[in-house]
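Colleague: Before I ask anything, here is the structure I am working with.
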Amino acid sequence: MSTTTSLTEIALPPVVAVRPLLMLTGFLGSGKTTLLRSILDELAEREHLADVLLNDRENASIDRETLKDRAANVLALTGSCVCCEGYDELVEMILKASKSQHDLLLIELNGTADPIPLLESFTLLESKFCLRPRWQVCVIDARHFGKRGNFDELEKLQLETASHFTISWNSELNEQEERALEKKVMTINSQATRTTAPLLADALSRAIRNNRHHTFAKKQLDQNHHASLRFAPIPPSKKNLHERHELAHQFTGCNIIFPKPVEETRVPVWLKKLPASVIRAKALVAHPSEEGSRFLYERVGEIASPSPIPVRVSEKVPCSGIFIGADLDPREILSITREHLHPDCHFPESGIPQVL
């Protein structure tokens, strides 16, 4: 090389910053979004900014709106099976988010997703981005864990690969019941550590500070990528993974648009009247007595939340209901909704049920 060549003419390998990745898994209605809100609040207290990728089976924009004031950036992906037909789009969103200048990336998967294809992708795509450490937190619902019937195996699959777990709704357990549940969780994944939103925020904060001293040249990442292909982890094989993954495909979803406002007293009655086939329901509702405000109601199994959550949501997001289950009849749900909530409720667009 000529001694007259300037430093700016020398081709330097691009440098990739290192950022933590936290992925939340857990069955429908276990409390992933509630945990995500708490983590974001804790991170804000520590002056950290997070990018969020949010996946839901139906209308992820509702949860996106409830999180946008807490995160630096929120991208929403609605997909019936993010580990299959929605997989490519999610990977593209991860690649885009990996170029962000914010401190970390948080991903919430939908409640029926198989996390294994994504965990494998993080290894195979290390030459494209550097997200380290990569932690998976599984949210365990104390009310329903191990009581999913045919879907127990899907719930176990979401737990088996987790580095951490939290137990939601544990206030409904006595001390002995909580110890028994924790022991049951540990028999499925003995390597996972129980945690909380403040503990996770502390650990992420330490990782962010440590990562500020580390960057990787893309050439080095390429070398790490080839090495990782030789030592990629083998997923658990207690039961045929294909059979267990197929459980995620047995769920369908539908969306119903509400007029606004809706009388507040009608909502709890309507939630109770929804058929047992609805495993998970969310409803964004406006009340005539609360002009300018909207509320998020939820039902998991046949248990409705005791009180709605007031949320700030863009007027572009319509008041609506989201329903997920293994054997839904959208027209039955619409009929019940019209009878108990409001006669003008309807399916989106031309009145055709949007079933996944």
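Quick note on naming: the chains in the structure tokens go A, B, ... in the order shown, residues restart at 1 in each chain, and ligands are numbered from 1 in order of appearance.
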Give me the residues near Arg148 in chain A as a PDB file with N, CA and C atoms, in the first residue's frame, where near means some atom within 12 Å (using only C-alpha atoms) and where sequence neighbours in that chain fewer than 2 positions away do not count.
Modeller:
ATOM      1  N   PHE A  27     -48.117 -19.136  27.121  1.00  0.00           N
ATOM      2  CA  PHE A  27     -49.383 -19.485  26.493  1.00  0.00           C
ATOM      3  C   PHE A  27     -50.321 -18.282  26.438  1.00  0.00           C
ATOM      4  N   LEU A  28     -51.381 -18.426  25.662  1.00  0.00           N
ATOM      5  CA  LEU A  28     -52.378 -17.363  25.501  1.00  0.00           C
ATOM      6  C   LEU A  28     -52.855 -16.847  26.853  1.00  0.00           C
ATOM      7  N   ASP A 141     -48.684 -19.067  33.756  1.00  0.00           N
ATOM      8  CA  ASP A 141     -49.952 -18.657  34.359  1.00  0.00           C
ATOM      9  C   ASP A 141     -50.311 -19.632  35.479  1.00  0.00           C
ATOM     10  N   ARG A 143     -52.833 -19.984  37.207  1.00  0.00           N
ATOM     11  CA  ARG A 143     -54.211 -20.481  37.210  1.00  0.00           C
ATOM     12  C   ARG A 143     -54.404 -21.677  36.285  1.00  0.00           C
ATOM     13  N   HIS A 144     -53.623 -21.724  35.193  1.00  0.00           N
ATOM     14  CA  HIS A 144     -53.927 -22.689  34.133  1.00  0.00           C
ATOM     15  C   HIS A 144     -52.771 -23.604  33.749  1.00  0.00           C
ATOM     16  N   PHE A 145     -51.572 -23.394  34.284  1.00  0.00           N
ATOM     17  CA  PHE A 145     -50.414 -24.173  33.831  1.00  0.00           C
ATOM     18  C   PHE A 145     -50.638 -25.660  34.082  1.00  0.00           C
ATOM     19  N   GLY A 146     -50.402 -26.470  33.041  1.00  0.00           N
ATOM     20  CA  GLY A 146     -50.593 -27.906  33.153  1.00  0.00           C
ATOM     21  C   GLY A 146     -52.033 -28.346  33.090  1.00  0.00           C
ATOM     22  N   ASN A 150     -55.184 -30.903  25.621  1.00  0.00           N
ATOM     23  CA  ASN A 150     -54.391 -31.285  24.449  1.00  0.00           C
ATOM     24  C   ASN A 150     -53.237 -30.342  24.177  1.00  0.00           C
ATOM     25  N   PHE A 151     -53.254 -29.145  24.788  1.00  0.00           N
ATOM     26  CA  PHE A 151     -52.224 -28.151  24.490  1.00  0.00           C
ATOM     27  C   PHE A 151     -51.165 -28.039  25.577  1.00  0.00           C
ATOM     28  N   ASP A 152     -51.149 -28.989  26.510  1.00  0.00           N
ATOM     29  CA  ASP A 152     -50.094 -29.018  27.523  1.00  0.00           C
ATOM     30  C   ASP A 152     -48.713 -29.115  26.887  1.00  0.00           C
ATOM     31  N   GLU A 153     -48.613 -29.898  25.823  1.00  0.00           N
ATOM     32  CA  GLU A 153     -47.306 -30.095  25.175  1.00  0.00           C
ATOM     33  C   GLU A 153     -46.806 -28.816  24.527  1.00  0.00           C
ATOM     34  N   LEU A 154     -47.707 -28.004  23.977  1.00  0.00           N
ATOM     35  CA  LEU A 154     -47.297 -26.726  23.388  1.00  0.00           C
ATOM     36  C   LEU A 154     -46.796 -25.789  24.472  1.00  0.00           C
ATOM     37  N   GLU A 155     -47.465 -25.787  25.615  1.00  0.00           N
ATOM     38  CA  GLU A 155     -47.039 -24.954  26.731  1.00  0.00           C
ATOM     39  C   GLU A 155     -45.664 -25.380  27.233  1.00  0.00           C
ATOM     40  N   LYS A 156     -45.421 -26.693  27.311  1.00  0.00           N
ATOM     41  CA  LYS A 156     -44.114 -27.198  27.731  1.00  0.00           C
ATOM     42  C   LYS A 156     -43.032 -26.802  26.723  1.00  0.00           C
ATOM     43  N   LEU A 247     -49.358 -28.410  17.060  1.00  0.00           N
ATOM     44  CA  LEU A 247     -50.387 -27.917  17.980  1.00  0.00           C
ATOM     45  C   LEU A 247     -50.638 -26.422  17.774  1.00  0.00           C
ATOM     46  N   ILE A 279     -60.445 -19.261  23.930  1.00  0.00           N
ATOM     47  CA  ILE A 279     -59.407 -19.425  24.950  1.00  0.00           C
ATOM     48  C   ILE A 279     -58.865 -18.073  25.390  1.00  0.00           C
ATOM     49  N   VAL A 300     -59.273 -14.857  29.839  1.00  0.00           N
ATOM     50  CA  VAL A 300     -58.412 -16.018  29.618  1.00  0.00           C
ATOM     51  C   VAL A 300     -59.195 -17.245  30.052  1.00  0.00           C
ATOM     52  N   GLY A 301     -59.393 -18.193  29.126  1.00  0.00           N
ATOM     53  CA  GLY A 301     -60.279 -19.294  29.429  1.00  0.00           C
ATOM     54  C   GLY A 301     -61.659 -18.717  29.699  1.00  0.00           C
ATOM     55  N   GLY A 325     -58.902 -19.228  19.625  1.00  0.00           N
ATOM     56  CA  GLY A 325     -59.244 -20.538  20.174  1.00  0.00           C
ATOM     57  C   GLY A 325     -58.950 -21.634  19.174  1.00  0.00           C
ATOM     58  N   ALA A 326     -59.127 -22.869  19.602  1.00  0.00           N
ATOM     59  CA  ALA A 326     -58.802 -24.005  18.748  1.00  0.00           C
ATOM     60  C   ALA A 326     -59.946 -24.379  17.813  1.00  0.00           C
TER      61      ALA A 326
END
Colleague: Which neighbours of Cys345 in chain A fall inside 12 Å, counting only C-alpha atoms, when residues of the same chain fewer than 6 positions from it are skipped, and could you give them as a ChimeraX atom specification?
Modeller: /A:255-262,285,318-321,331,333-339,351
Colleague: Can you write out the residues you just picked, keeping N, CA, C and O atoms, as a CSV table (one decimal), in the first residue's frame?
Modeller:
chain,number,residue,atom,x,y,z
A,255,ASN,N,-61.8,-11.3,14.4
A,255,ASN,CA,-61.8,-9.9,14.9
A,255,ASN,C,-63.2,-9.3,14.6
A,255,ASN,O,-63.8,-9.5,13.5
A,256,ILE,N,-63.8,-8.6,15.6
A,256,ILE,CA,-65.1,-8.0,15.4
A,256,ILE,C,-65.0,-6.5,15.8
A,256,ILE,O,-64.4,-6.2,16.8
A,257,ILE,N,-65.5,-5.7,15.0
A,257,ILE,CA,-65.5,-4.2,15.2
A,257,ILE,C,-66.7,-3.8,16.0
A,257,ILE,O,-67.8,-4.2,15.8
A,258,PHE,N,-66.4,-3.0,17.0
A,258,PHE,CA,-67.5,-2.5,17.9
A,258,PHE,C,-67.8,-1.0,17.5
A,258,PHE,O,-67.0,-0.3,17.1
A,259,PRO,N,-69.1,-0.6,17.6
A,259,PRO,CA,-69.4,0.8,17.6
A,259,PRO,C,-68.9,1.4,18.8
A,259,PRO,O,-68.6,0.8,19.8
A,260,LYS,N,-68.8,2.7,18.8
A,260,LYS,CA,-68.4,3.4,20.1
A,260,LYS,C,-69.4,4.6,20.3
A,260,LYS,O,-69.7,5.3,19.4
A,261,PRO,N,-69.8,4.7,21.6
A,261,PRO,CA,-69.3,4.0,22.7
A,261,PRO,C,-70.3,2.8,23.0
A,261,PRO,O,-71.3,2.6,22.4
A,262,VAL,N,-69.9,1.9,24.0
A,262,VAL,CA,-70.6,0.8,24.4
A,262,VAL,C,-70.9,0.9,25.9
A,262,VAL,O,-70.0,1.3,26.7
A,285,VAL,N,-62.6,-1.0,24.2
A,285,VAL,CA,-64.0,-0.5,24.3
A,285,VAL,C,-63.9,1.0,24.7
A,285,VAL,O,-63.1,1.4,25.6
A,318,PRO,N,-59.5,1.0,15.6
A,318,PRO,CA,-60.9,1.0,16.0
A,318,PRO,C,-61.2,0.2,17.3
A,318,PRO,O,-60.4,-0.7,17.6
A,319,CYS,N,-62.3,0.5,17.9
A,319,CYS,CA,-62.7,-0.3,19.0
A,319,CYS,C,-63.1,-1.7,18.5
A,319,CYS,O,-63.8,-1.8,17.5
A,320,SER,N,-62.6,-2.7,19.1
A,320,SER,CA,-62.8,-4.1,18.5
A,320,SER,C,-62.6,-5.2,19.5
A,320,SER,O,-62.0,-4.9,20.6
A,321,GLY,N,-62.9,-6.4,19.1
A,321,GLY,CA,-62.6,-7.5,19.9
A,321,GLY,C,-61.8,-8.5,19.2
A,321,GLY,O,-62.0,-8.7,17.9
A,331,ARG,N,-69.2,-16.7,13.5
A,331,ARG,CA,-70.6,-16.2,13.5
A,331,ARG,C,-71.3,-16.4,14.8
A,331,ARG,O,-72.2,-15.6,15.1
A,333,ILE,N,-69.8,-16.2,17.7
A,333,ILE,CA,-69.3,-15.1,18.5
A,333,ILE,C,-69.9,-13.7,18.1
A,333,ILE,O,-70.2,-12.9,19.0
A,334,LEU,N,-70.1,-13.5,16.9
A,334,LEU,CA,-70.7,-12.3,16.4
A,334,LEU,C,-72.1,-12.2,16.9
A,334,LEU,O,-72.6,-11.1,17.4
A,335,SER,N,-72.9,-13.3,16.9
A,335,SER,CA,-74.3,-13.3,17.3
A,335,SER,C,-74.3,-12.9,18.8
A,335,SER,O,-75.2,-12.1,19.2
A,336,ILE,N,-73.5,-13.6,19.6
A,336,ILE,CA,-73.4,-13.3,21.1
A,336,ILE,C,-73.1,-11.8,21.3
A,336,ILE,O,-73.6,-11.2,22.2
A,337,THR,N,-72.1,-11.3,20.5
A,337,THR,CA,-71.6,-10.0,20.7
A,337,THR,C,-72.7,-9.0,20.4
A,337,THR,O,-72.9,-8.0,21.1
A,338,ARG,N,-73.4,-9.2,19.3
A,338,ARG,CA,-74.5,-8.3,19.0
A,338,ARG,C,-75.7,-8.3,20.0
A,338,ARG,O,-76.3,-7.3,20.3
A,339,GLU,N,-75.9,-9.5,20.6
A,339,GLU,CA,-77.0,-9.7,21.6
A,339,GLU,C,-76.7,-9.0,22.9
A,339,GLU,O,-77.5,-8.3,23.5
A,351,GLY,N,-67.9,-7.6,6.0
A,351,GLY,CA,-68.8,-8.5,6.8
A,351,GLY,C,-68.4,-9.9,6.7
A,351,GLY,O,-69.0,-10.8,7.2
Colleague: Which one of A:Leu341, A:Ile322, A:Val269, A:Ala71 sits closest to His287 in chain A if you count only C-alpha atoms?
Modeller: A:Leu341
Colleague: Using only C-alpha atoms, which protein or nucleic acid residues come within 12 Å of Thr161 in chain A? Drop anything in the same chain fewer than 3 positions from it, and give the result as a short mmCIF file (atom, residue, chain, number, x, y, z; two decimals) with all heavy atoms, in the first residue's frame.
Modeller:
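To be explicit, this is the file written out as result.cif:
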data_model
loop_
_atom_site.label_atom_id
_atom_site.label_comp_id
_atom_site.auth_asym_id
_atom_site.auth_seq_id
_atom_site.Cartn_x
_atom_site.Cartn_y
_atom_site.Cartn_z
N MET A 23 -36.63 -12.19 24.67
CA MET A 23 -37.82 -12.70 23.99
C MET A 23 -38.78 -13.29 25.02
O MET A 23 -38.38 -14.09 25.85
CB MET A 23 -37.43 -13.77 22.97
CG MET A 23 -38.60 -14.28 22.15
SD MET A 23 -38.08 -15.25 20.71
CE MET A 23 -37.49 -16.75 21.52
N LEU A 24 -40.05 -12.86 24.95
CA LEU A 24 -41.06 -13.33 25.88
C LEU A 24 -41.93 -14.39 25.21
O LEU A 24 -42.45 -14.17 24.11
CB LEU A 24 -41.94 -12.18 26.36
CG LEU A 24 -41.24 -10.99 27.01
CD1 LEU A 24 -42.28 -9.98 27.49
CD2 LEU A 24 -40.38 -11.44 28.17
N THR A 25 -42.09 -15.54 25.89
CA THR A 25 -42.97 -16.59 25.41
C THR A 25 -43.94 -16.95 26.54
O THR A 25 -43.76 -16.55 27.68
CB THR A 25 -42.19 -17.84 24.97
OG1 THR A 25 -41.44 -18.34 26.11
CG2 THR A 25 -41.23 -17.52 23.85
N GLY A 26 -44.93 -17.73 26.22
CA GLY A 26 -45.93 -18.14 27.20
C GLY A 26 -47.27 -18.32 26.52
O GLY A 26 -47.53 -17.74 25.46
N ASP A 114 -44.18 -21.49 18.54
CA ASP A 114 -43.07 -22.39 18.87
C ASP A 114 -41.79 -21.57 18.77
O ASP A 114 -41.44 -21.10 17.69
CB ASP A 114 -43.07 -23.55 17.87
CG ASP A 114 -41.86 -24.46 18.01
OD1 ASP A 114 -41.03 -24.23 18.91
OD2 ASP A 114 -41.76 -25.43 17.23
N PRO A 115 -41.05 -21.36 19.87
CA PRO A 115 -39.88 -20.48 19.83
C PRO A 115 -38.65 -21.11 19.18
O PRO A 115 -37.71 -20.38 18.84
CB PRO A 115 -39.60 -20.19 21.31
CG PRO A 115 -40.14 -21.38 22.03
CD PRO A 115 -41.34 -21.84 21.24
N ILE A 116 -38.62 -22.42 18.99
CA ILE A 116 -37.40 -23.09 18.54
C ILE A 116 -36.91 -22.59 17.18
O ILE A 116 -35.72 -22.30 17.02
CB ILE A 116 -37.58 -24.62 18.55
CG1 ILE A 116 -37.64 -25.12 19.99
CG2 ILE A 116 -36.45 -25.33 17.80
CD1 ILE A 116 -37.88 -26.60 20.14
N PRO A 117 -37.78 -22.45 16.14
CA PRO A 117 -37.26 -21.94 14.86
C PRO A 117 -36.60 -20.57 14.98
O PRO A 117 -35.59 -20.30 14.31
CB PRO A 117 -38.51 -21.88 13.98
CG PRO A 117 -39.43 -22.90 14.56
CD PRO A 117 -39.19 -22.83 16.04
N LEU A 118 -37.13 -19.70 15.85
CA LEU A 118 -36.53 -18.38 16.01
C LEU A 118 -35.20 -18.46 16.75
O LEU A 118 -34.24 -17.78 16.39
CB LEU A 118 -37.49 -17.46 16.75
CG LEU A 118 -38.73 -17.07 15.96
CD1 LEU A 118 -39.68 -16.30 16.84
CD2 LEU A 118 -38.36 -16.24 14.75
N LEU A 119 -35.12 -19.30 17.78
CA LEU A 119 -33.87 -19.46 18.51
C LEU A 119 -32.77 -19.99 17.59
O LEU A 119 -31.61 -19.58 17.67
CB LEU A 119 -34.07 -20.39 19.70
CG LEU A 119 -35.01 -19.86 20.80
CD1 LEU A 119 -35.30 -20.95 21.82
CD2 LEU A 119 -34.40 -18.65 21.48
N GLU A 120 -33.14 -20.92 16.72
CA GLU A 120 -32.17 -21.42 15.75
C GLU A 120 -31.72 -20.32 14.80
O GLU A 120 -30.54 -20.22 14.45
CB GLU A 120 -32.78 -22.58 14.97
CG GLU A 120 -33.02 -23.83 15.80
CD GLU A 120 -33.77 -24.91 15.04
OE1 GLU A 120 -34.44 -24.56 14.04
OE2 GLU A 120 -33.69 -26.08 15.44
N ARG A 134 -28.74 -13.28 24.65
CA ARG A 134 -30.09 -13.57 24.15
C ARG A 134 -30.80 -14.40 25.21
O ARG A 134 -30.43 -15.54 25.46
CB ARG A 134 -30.02 -14.31 22.82
CG ARG A 134 -29.35 -13.52 21.72
CD ARG A 134 -29.58 -14.14 20.36
NE ARG A 134 -28.92 -15.42 20.20
CZ ARG A 134 -27.73 -15.60 19.65
NH1 ARG A 134 -27.04 -14.53 19.23
NH2 ARG A 134 -27.21 -16.78 19.52
N TRP A 135 -31.81 -13.80 25.80
CA TRP A 135 -32.55 -14.47 26.87
C TRP A 135 -33.99 -14.69 26.44
O TRP A 135 -34.59 -13.86 25.76
CB TRP A 135 -32.53 -13.62 28.15
CG TRP A 135 -31.17 -13.47 28.76
CD1 TRP A 135 -30.14 -14.36 28.70
CD2 TRP A 135 -30.69 -12.35 29.51
NE1 TRP A 135 -29.05 -13.86 29.37
CE2 TRP A 135 -29.36 -12.64 29.89
CE3 TRP A 135 -31.26 -11.15 29.93
CZ2 TRP A 135 -28.59 -11.76 30.64
CZ3 TRP A 135 -30.50 -10.28 30.68
CH2 TRP A 135 -29.17 -10.59 31.04
N GLN A 136 -34.54 -15.82 26.85
CA GLN A 136 -35.95 -16.11 26.63
C GLN A 136 -36.63 -16.26 27.98
O GLN A 136 -36.22 -17.07 28.80
CB GLN A 136 -36.14 -17.41 25.83
CG GLN A 136 -37.61 -17.78 25.63
CD GLN A 136 -37.79 -19.22 25.18
OE1 GLN A 136 -36.87 -19.84 24.65
NE2 GLN A 136 -38.97 -19.76 25.38
N VAL A 137 -37.67 -15.46 28.21
CA VAL A 137 -38.43 -15.52 29.45
C VAL A 137 -39.80 -16.12 29.16
O VAL A 137 -40.53 -15.60 28.31
CB VAL A 137 -38.60 -14.13 30.08
CG1 VAL A 137 -39.39 -14.23 31.38
CG2 VAL A 137 -37.25 -13.49 30.34
N CYS A 138 -40.13 -17.21 29.83
CA CYS A 138 -41.44 -17.84 29.66
C CYS A 138 -42.34 -17.42 30.82
O CYS A 138 -41.96 -17.54 31.99
CB CYS A 138 -41.30 -19.36 29.62
SG CYS A 138 -42.85 -20.21 29.26
N GLU A 155 -47.47 -25.79 25.61
CA GLU A 155 -47.04 -24.95 26.73
C GLU A 155 -45.66 -25.38 27.23
O GLU A 155 -44.81 -24.54 27.54
CB GLU A 155 -48.07 -25.02 27.85
CG GLU A 155 -47.86 -24.02 28.97
CD GLU A 155 -49.01 -24.01 29.95
OE1 GLU A 155 -49.56 -25.09 30.25
OE2 GLU A 155 -49.38 -22.91 30.40
N LYS A 156 -45.42 -26.69 27.31
CA LYS A 156 -44.11 -27.20 27.73
C LYS A 156 -43.03 -26.80 26.72
O LYS A 156 -41.91 -26.46 27.10
CB LYS A 156 -44.15 -28.71 27.88
CG LYS A 156 -44.97 -29.22 29.05
CD LYS A 156 -44.97 -30.75 29.08
CE LYS A 156 -45.83 -31.29 30.20
NZ LYS A 156 -45.87 -32.77 30.20
N LEU A 157 -43.38 -26.87 25.44
CA LEU A 157 -42.43 -26.52 24.39
C LEU A 157 -41.96 -25.08 24.54
O LEU A 157 -40.78 -24.76 24.33
CB LEU A 157 -43.08 -26.73 23.02
CG LEU A 157 -42.22 -26.53 21.78
CD1 LEU A 157 -41.07 -27.51 21.75
CD2 LEU A 157 -43.06 -26.66 20.52
N GLN A 158 -42.87 -24.17 24.93
CA GLN A 158 -42.51 -22.77 25.12
C GLN A 158 -41.60 -22.57 26.33
O GLN A 158 -40.86 -21.59 26.40
CB GLN A 158 -43.79 -21.94 25.27
CG GLN A 158 -44.66 -21.92 24.03
CD GLN A 158 -46.02 -21.30 24.27
OE1 GLN A 158 -46.49 -21.24 25.41
NE2 GLN A 158 -46.67 -20.85 23.21
N HIS A 164 -35.17 -18.06 31.52
CA HIS A 164 -35.81 -17.53 32.72
C HIS A 164 -37.31 -17.83 32.66
O HIS A 164 -37.85 -18.09 31.60
CB HIS A 164 -35.63 -16.01 32.84
CG HIS A 164 -34.21 -15.55 32.86
ND1 HIS A 164 -33.42 -15.51 31.73
CD2 HIS A 164 -33.42 -15.10 33.87
CE1 HIS A 164 -32.22 -15.05 32.04
NE2 HIS A 164 -32.20 -14.79 33.34
N PHE A 165 -37.97 -17.74 33.81
CA PHE A 165 -39.42 -17.83 33.83
C PHE A 165 -39.96 -16.92 34.93
O PHE A 165 -39.28 -16.61 35.90
CB PHE A 165 -39.90 -19.27 34.02
CG PHE A 165 -39.65 -19.85 35.40
CD1 PHE A 165 -40.61 -19.78 36.40
CD2 PHE A 165 -38.44 -20.47 35.68
CE1 PHE A 165 -40.38 -20.31 37.66
CE2 PHE A 165 -38.19 -21.01 36.94
CZ PHE A 165 -39.16 -20.93 37.93
N ILE A 188 -39.54 -29.50 34.13
CA ILE A 188 -39.57 -29.36 32.68
C ILE A 188 -38.31 -28.68 32.17
O ILE A 188 -37.76 -29.05 31.13
CB ILE A 188 -40.82 -28.57 32.25
CG1 ILE A 188 -42.09 -29.34 32.65
CG2 ILE A 188 -40.82 -28.29 30.74
CD1 ILE A 188 -43.36 -28.54 32.49
N ASN A 189 -37.81 -27.69 32.90
CA ASN A 189 -36.60 -26.96 32.50
C ASN A 189 -35.82 -26.61 33.76
O ASN A 189 -36.05 -25.56 34.38
CB ASN A 189 -36.96 -25.70 31.71
CG ASN A 189 -35.74 -24.96 31.21
OD1 ASN A 189 -34.61 -25.24 31.61
ND2 ASN A 189 -35.96 -24.00 30.32
N SER A 190 -34.89 -27.47 34.12
CA SER A 190 -34.13 -27.29 35.36
C SER A 190 -33.10 -26.17 35.26
O SER A 190 -32.55 -25.73 36.27
CB SER A 190 -33.42 -28.60 35.74
OG SER A 190 -32.51 -28.99 34.72
N GLN A 191 -32.82 -25.69 34.03
CA GLN A 191 -31.81 -24.66 33.83
C GLN A 191 -32.38 -23.25 33.92
O GLN A 191 -31.62 -22.28 34.00
CB GLN A 191 -31.14 -24.84 32.46
CG GLN A 191 -30.50 -26.21 32.25
CD GLN A 191 -29.45 -26.51 33.30
OE1 GLN A 191 -28.59 -25.67 33.57
NE2 GLN A 191 -29.52 -27.69 33.89
N ALA A 192 -33.72 -23.13 33.88
CA ALA A 192 -34.33 -21.80 33.89
C ALA A 192 -34.30 -21.20 35.30
O ALA A 192 -34.38 -21.92 36.30
CB ALA A 192 -35.77 -21.89 33.39
N THR A 193 -34.18 -19.89 35.35
CA THR A 193 -34.13 -19.16 36.61
C THR A 193 -35.39 -18.32 36.77
O THR A 193 -35.78 -17.61 35.83
CB THR A 193 -32.90 -18.22 36.63
OG1 THR A 193 -31.72 -18.99 36.45
CG2 THR A 193 -32.83 -17.47 37.95
N PRO A 233 -27.13 -25.58 18.99
CA PRO A 233 -27.78 -26.44 19.98
C PRO A 233 -28.86 -27.30 19.36
O PRO A 233 -29.56 -26.89 18.43
CB PRO A 233 -28.40 -25.44 20.96
CG PRO A 233 -28.54 -24.17 20.19
CD PRO A 233 -27.39 -24.16 19.22
N ILE A 234 -29.00 -28.51 19.86
CA ILE A 234 -30.03 -29.42 19.40
C ILE A 234 -31.27 -29.23 20.26
O ILE A 234 -31.18 -29.29 21.48
CB ILE A 234 -29.55 -30.89 19.49
CG1 ILE A 234 -28.31 -31.06 18.61
CG2 ILE A 234 -30.65 -31.85 19.07
CD1 ILE A 234 -27.68 -32.43 18.73
N PRO A 235 -32.43 -28.97 19.69
CA PRO A 235 -33.63 -28.75 20.49
C PRO A 235 -34.00 -29.97 21.30
O PRO A 235 -33.61 -31.09 20.98
CB PRO A 235 -34.71 -28.45 19.43
CG PRO A 235 -33.96 -28.10 18.19
CD PRO A 235 -32.67 -28.85 18.25
N PRO A 236 -34.78 -29.80 22.39
CA PRO A 236 -35.22 -30.94 23.19
C PRO A 236 -36.01 -31.94 22.34
O PRO A 236 -36.70 -31.55 21.41
CB PRO A 236 -36.14 -30.29 24.24
CG PRO A 236 -35.74 -28.86 24.28
CD PRO A 236 -35.26 -28.53 22.90
N SER A 237 -35.89 -33.21 22.66
CA SER A 237 -36.54 -34.24 21.83
C SER A 237 -37.34 -35.21 22.69
O SER A 237 -37.36 -36.40 22.42
CB SER A 237 -35.49 -35.00 21.02
OG SER A 237 -34.52 -35.56 21.89
#
Colleague: Which polymer residues have any atom within 12 Å of an atom of Arg194 in chain A, counting only C-alpha atoms, with same-chain residues fewer than 6 positions away left out, as a list in words?
Modeller: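 These residues fall inside the cut-off: Gln136, Val137, Cys138, Val139, Ile140, Leu159, Ala162, Ser163, His164, Phe165, Thr166, Ile167, Ser168, Arg179, Leu181, Glu182, Lys183, Val185, Met186 and Leu200 of chain A.
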Colleague: May I have the residues from that selection written out with C-alpha atoms, as a CSV table (one decimal), in the first residue's frame?
Modeller:
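Contents of part09.csv, freshly written:
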chain,number,residue,atom,x,y,z
A,136,GLN,CA,-36.0,-16.1,26.6
A,137,VAL,CA,-38.4,-15.5,29.5
A,138,CYS,CA,-41.4,-17.8,29.7
A,139,VAL,CA,-44.5,-16.5,31.5
A,140,ILE,CA,-46.3,-19.2,33.5
A,159,LEU,CA,-40.9,-23.4,28.5
A,162,ALA,CA,-36.3,-20.6,28.3
A,163,SER,CA,-33.4,-19.1,30.2
A,164,HIS,CA,-35.8,-17.5,32.7
A,165,PHE,CA,-39.4,-17.8,33.8
A,166,THR,CA,-41.9,-15.7,35.8
A,167,ILE,CA,-45.1,-16.9,37.4
A,168,SER,CA,-48.2,-14.7,36.9
A,179,ARG,CA,-43.6,-24.1,45.7
A,181,LEU,CA,-45.8,-25.1,40.8
A,182,GLU,CA,-42.2,-23.9,40.8
A,183,LYS,CA,-41.0,-27.5,41.3
A,185,VAL,CA,-41.7,-25.9,36.2
A,186,MET,CA,-38.2,-26.9,37.1
A,200,LEU,CA,-34.7,-8.5,34.4
Colleague: So, counting only C-alpha atoms, which residue among A:Ala50, A:Val18, A:Ile324, A:Leu271 is closest to Asn210 in chain A?
Modeller: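 The shortest atom-to-atom distance to Asn210 in chain A comes from A:Val18.
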Colleague: Quick one: everything within 10 Å of Thr66 in chain A, counting only C-alpha atoms, minus sequence neighbours fewer than 2 positions away in the same chain. Send it as a ChimeraX atom specification.
Modeller: /A:33,37,61-64,68-70,296,309-314
Colleague: Any chance you could export the current selection's C-alpha atoms as a PDB file, in the first residue's frame?
Modeller:
ATOM      1  CA  THR A  33     -47.791  -8.031  27.582  1.00  0.00           C
ATOM      2  CA  ARG A  37     -45.070  -3.150  30.167  1.00  0.00           C
ATOM      3  CA  SER A  61     -51.924  -2.960  16.599  1.00  0.00           C
ATOM      4  CA  ILE A  62     -54.037  -2.813  19.785  1.00  0.00           C
ATOM      5  CA  ASP A  63     -51.168  -3.908  22.033  1.00  0.00           C
ATOM      6  CA  ARG A  64     -48.742  -1.805  19.992  1.00  0.00           C
ATOM      7  CA  LYS A  68     -45.839   3.033  22.250  1.00  0.00           C
ATOM      8  CA  ASP A  69     -45.468   5.517  25.139  1.00  0.00           C
ATOM      9  CA  ARG A  70     -43.161   3.105  26.957  1.00  0.00           C
ATOM     10  CA  LEU A 296     -58.858  -2.837  27.424  1.00  0.00           C
ATOM     11  CA  ILE A 309     -57.129  -1.209  31.865  1.00  0.00           C
ATOM     12  CA  PRO A 310     -57.406   2.425  30.676  1.00  0.00           C
ATOM     13  CA  VAL A 311     -55.215   2.794  27.581  1.00  0.00           C
ATOM     14  CA  ARG A 312     -54.090   5.593  25.296  1.00  0.00           C
ATOM     15  CA  VAL A 313     -54.804   4.431  21.775  1.00  0.00           C
ATOM     16  CA  SER A 314     -54.743   6.263  18.454  1.00  0.00           C
TER      17      SER A 314
END
Colleague: Looking only at the backbone, which of the residues in range 50-164 of chain A does DSSP tag as strand (DSSP E), as number ranges by chain?
Modeller: A: 50-56, 73-78, 104-108, 131-141, 164
Colleague: As a ChimeraX atom specification, which residues of range 121-199 of chain A does DSSP assign to alpha helix (DSSP H)?
Modeller: /A:121-124,152-160,175-188,197-199
Colleague: What is the distance, in Å and to one decimal place, between CA of Arg280 in chain A and CA of Pro330 in chain A?
Modeller: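 It comes out at 13.6 Å.
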Colleague: For Arg266 in chain A, which of A:Ser98, A:Cys254, A:Ala286, A:Ala72 is the closest residue, counting only C-alpha atoms?
Modeller: A:Ala286
